[in-house]
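Student: Before I ask anything, let me first share the structure, which is written out below as structure tokens.
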Amino acid sequence: MAYSHALQALGDPTRRSVLEQLREGPRAVGEIAAQLPVSRPAVSQHLRVLKEAGLVTERQDGTRRLYRVDPDGLAGLREYLDGFWEEALASFKAAAEADERRKK
Amino acid sequence: MTTMTTEAITKQIRVDANPETAFDVFTGRIGDWWPLEHYSVFGREATVAFEGDRIVERSPNGEETVWGEVLDFEVAGRVRFTWHPGRPGDEEPTEVEVTFASDGDGTLVTLVHGGWDRLSEERRAGRVDYDNGWPLVLERYAALSK
């Protein structure tokens, strides 16, 4: 359930602020922390949660470690919807068939 | 972005009911079968209905939210609507089309959920809003399915 991890990760306002910043472009931990009223280790911790939720990726750029929004995050949403439509249509089928039986 | 993530989601199901009944239950009685307990903005006590050219969810307290706008409505044949539960329709909605085709003594129902290209473009441009929209609806789902 990658998507529910993503939802839990986004339940925290500081993490949403971190993600907000990353939407503007890749950032290093220090740059993110400079814009927030929390410590650098705290930002690192938030980034780890976002990364585990599949919302953020990191890469080494020379001596700096840069974080960015994961462009494939949409895949998790689609996966979820795929299962969702299946559930909705099964429920619809049962309702339509019950209706048909009533008419007969 | 790979094409895999932007292709439409397609679902097909055969229903033992004629196309008229199937269409009528899908559009006219969506509130009877929609899994509101898993999938709604206001939760299991909410109602949902096609109201004119909109799909509207209402809470017991009278709040309302529009899931989509109906684009095509061909009785016993096809319904097409924009799809943006949990967020305003002007924010790049996806689109759902449901067709009802006679299949022996039943109906073949095909649902296509598309418009992902636009969302992906938004995503690439970094403009997808994480605070509204799908996460709001899905958060409820996540909470309920714990």
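Residues are named by chain letter and number: chains run A, B, ... in the order of the structure tokens, numbers start at 1 in each chain, and ligands are numbered from 1 in the order shown.
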Which residues come within 10 Å of segment 89-97 of chain A, counting only C-alpha atoms, excluding same-chain residues fewer than 5 positions away, as a PDB file with C-alpha atoms, in the first residue's frame?
Tutor:
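Written file, selection.pdb:
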```pdb
ATOM      1  CA  PHE A  84     -10.913   1.144  -6.812  1.00  0.00           C
ATOM      2  CA  ARG A 102     -36.929  -7.443  -9.305  1.00  0.00           C
ATOM      3  CA  LYS A 103     -38.347  -6.495 -12.706  1.00  0.00           C
TER       4      LYS A 103
ATOM      5  CA  LYS B  11     -12.200  -1.815 -16.853  1.00  0.00           C
ATOM      6  CA  GLN B  12     -14.815  -4.108 -18.300  1.00  0.00           C
ATOM      7  CA  ILE B  13     -17.560  -6.051 -16.581  1.00  0.00           C
ATOM      8  CA  ARG B  14     -20.510  -8.079 -17.848  1.00  0.00           C
ATOM      9  CA  VAL B  15     -23.806  -7.463 -16.141  1.00  0.00           C
ATOM     10  CA  ASP B  16     -26.829  -9.788 -16.237  1.00  0.00           C
ATOM     11  CA  ALA B  17     -29.238  -6.967 -16.947  1.00  0.00           C
ATOM     12  CA  ASN B  18     -30.253  -5.206 -20.146  1.00  0.00           C
ATOM     13  CA  PRO B  19     -28.496  -1.964 -21.164  1.00  0.00           C
ATOM     14  CA  THR B  21     -31.428  -1.229 -16.576  1.00  0.00           C
ATOM     15  CA  ALA B  22     -27.629  -1.140 -16.368  1.00  0.00           C
ATOM     16  CA  PHE B  23     -27.503   2.476 -17.504  1.00  0.00           C
ATOM     17  CA  ASP B  24     -30.340   3.443 -15.218  1.00  0.00           C
ATOM     18  CA  VAL B  25     -28.719   1.861 -12.160  1.00  0.00           C
ATOM     19  CA  PHE B  26     -25.326   3.359 -12.972  1.00  0.00           C
ATOM     20  CA  ARG B  29     -29.018   5.029  -8.575  1.00  0.00           C
ATOM     21  CA  ILE B  30     -25.323   5.593  -8.114  1.00  0.00           C
ATOM     22  CA  ASP B  32     -27.218   2.786  -3.924  1.00  0.00           C
ATOM     23  CA  TRP B  33     -24.073   1.046  -5.067  1.00  0.00           C
ATOM     24  CA  TRP B  34     -21.173   3.483  -4.836  1.00  0.00           C
ATOM     25  CA  PRO B  35     -18.758   2.313  -2.086  1.00  0.00           C
ATOM     26  CA  GLY B 106     -26.834  -8.965 -20.653  1.00  0.00           C
ATOM     27  CA  VAL B 109     -20.012  -2.306 -19.412  1.00  0.00           C
ATOM     28  CA  THR B 110     -16.708  -0.652 -20.268  1.00  0.00           C
ATOM     29  CA  LEU B 111     -15.218   2.076 -18.109  1.00  0.00           C
TER      30      LEU B 111
END
```
Student: Excluding Ala28 of chain A and residues on its chain fewer than 3 positions from it, collect all residues at most 7 Å away from it, counting only C-alpha atoms, and give them as a ChimeraX atom specification.
Tutor: /A:31-32,64-67
Student: Here is a test: counting only C-alpha atoms, which residue of B:Val41, B:Val66, B:Ile9, B:Ala49 is nearest to chain A?
Tutor: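 That would be B:Ile9, the residue with the smallest distance to chain A.
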Student: Can you pull out the residues contacting Leu36 of chain A? Cut-off 10 Å, using only C-alpha atoms, and skip same-chain residues under 4 positions away; I want them as an mmCIF file with N, CA and C atoms, in the first residue's frame.
Tutor:
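The resulting around-v1.cif:
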```cif
data_model
loop_
_atom_site.group_PDB
_atom_site.id
_atom_site.type_symbol
_atom_site.label_atom_id
_atom_site.label_comp_id
_atom_site.auth_asym_id
_atom_site.auth_seq_id
_atom_site.Cartn_x
_atom_site.Cartn_y
_atom_site.Cartn_z
ATOM 1 N N THR A 14 4.915 19.983 8.304
ATOM 2 C CA THR A 14 6.309 20.303 7.966
ATOM 3 C C THR A 14 6.725 19.541 6.705
ATOM 4 N N SER A 17 5.478 21.242 3.788
ATOM 5 C CA SER A 17 6.302 22.411 3.471
ATOM 6 C C SER A 17 7.579 22.002 2.743
ATOM 7 N N VAL A 18 8.166 20.897 3.198
ATOM 8 C CA VAL A 18 9.381 20.395 2.547
ATOM 9 C C VAL A 18 9.073 20.075 1.086
ATOM 10 N N GLU A 31 19.511 23.862 2.454
ATOM 11 C CA GLU A 31 18.675 24.880 1.796
ATOM 12 C C GLU A 31 17.228 24.782 2.261
ATOM 13 N N ILE A 32 16.760 23.549 2.422
ATOM 14 C CA ILE A 32 15.373 23.348 2.871
ATOM 15 C C ILE A 32 15.231 23.837 4.306
ATOM 16 N N ARG A 40 18.129 21.069 11.024
ATOM 17 C CA ARG A 40 18.572 20.300 9.869
ATOM 18 C C ARG A 40 18.366 18.786 10.061
ATOM 19 N N VAL A 43 14.813 18.022 9.392
ATOM 20 C CA VAL A 43 14.496 18.026 7.963
ATOM 21 C C VAL A 43 14.957 16.707 7.322
#
```
Student: Considering only C-alpha atoms, state which residue in the set B:Glu95, B:Glu69, B:Glu74, B:Glu51 is at the smallest distance from Thr10 of chain B.
Tutor: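 Of B:Glu95, B:Glu69, B:Glu74, B:Glu51, the one nearest Thr10 of chain B is B:Glu95, counting only C-alpha atoms.
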Student: Give me, please, the distance in Å between atom CA of Phe50 of chain B and atom CA of Gly114 of chain B, quoted to one decimal.
Tutor: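 Atom-to-atom, atom CA of Phe50 of chain B to atom CA of Gly114 of chain B, that is 20.0 Å.
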Student: With distances taken over only C-alpha atoms, which residue among A:Val69, A:Arg15, A:Asp99, A:Gly83 lies nearest Gln45 of chain A?
Tutor: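 Nearest to Gln45 of chain A: A:Arg15.
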Student: So what do you get for atom CA of Glu97 of chain B versus atom CA of Val79 of chain B, distance-wise?
Tutor: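 Computing it gives 5.9 Å between the two atoms.
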Student: Pick the closest to Pro60 of chain B from B:Arg44, B:Ser102, B:Ala8, B:Val75: which is it, counting only C-alpha atoms?
Tutor: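 Under the stated criterion, the closest residue is B:Arg44.
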Student: Here is a test: counting only C-alpha atoms, which residue of B:Gly43, B:Gly104, B:Gly68, B:Gly77 is nearest to Val56 of chain B?
Tutor: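 Checking each of B:Gly43, B:Gly104, B:Gly68, B:Gly77 against Val56 of chain B, counting only C-alpha atoms, the winner is B:Gly68.
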Student: For atom CA of Arg80 of chain B and atom CA of Ala98 of chain A, determine how far apart the two atoms are, in Å to one decimal place.
Tutor: 24.3 Å
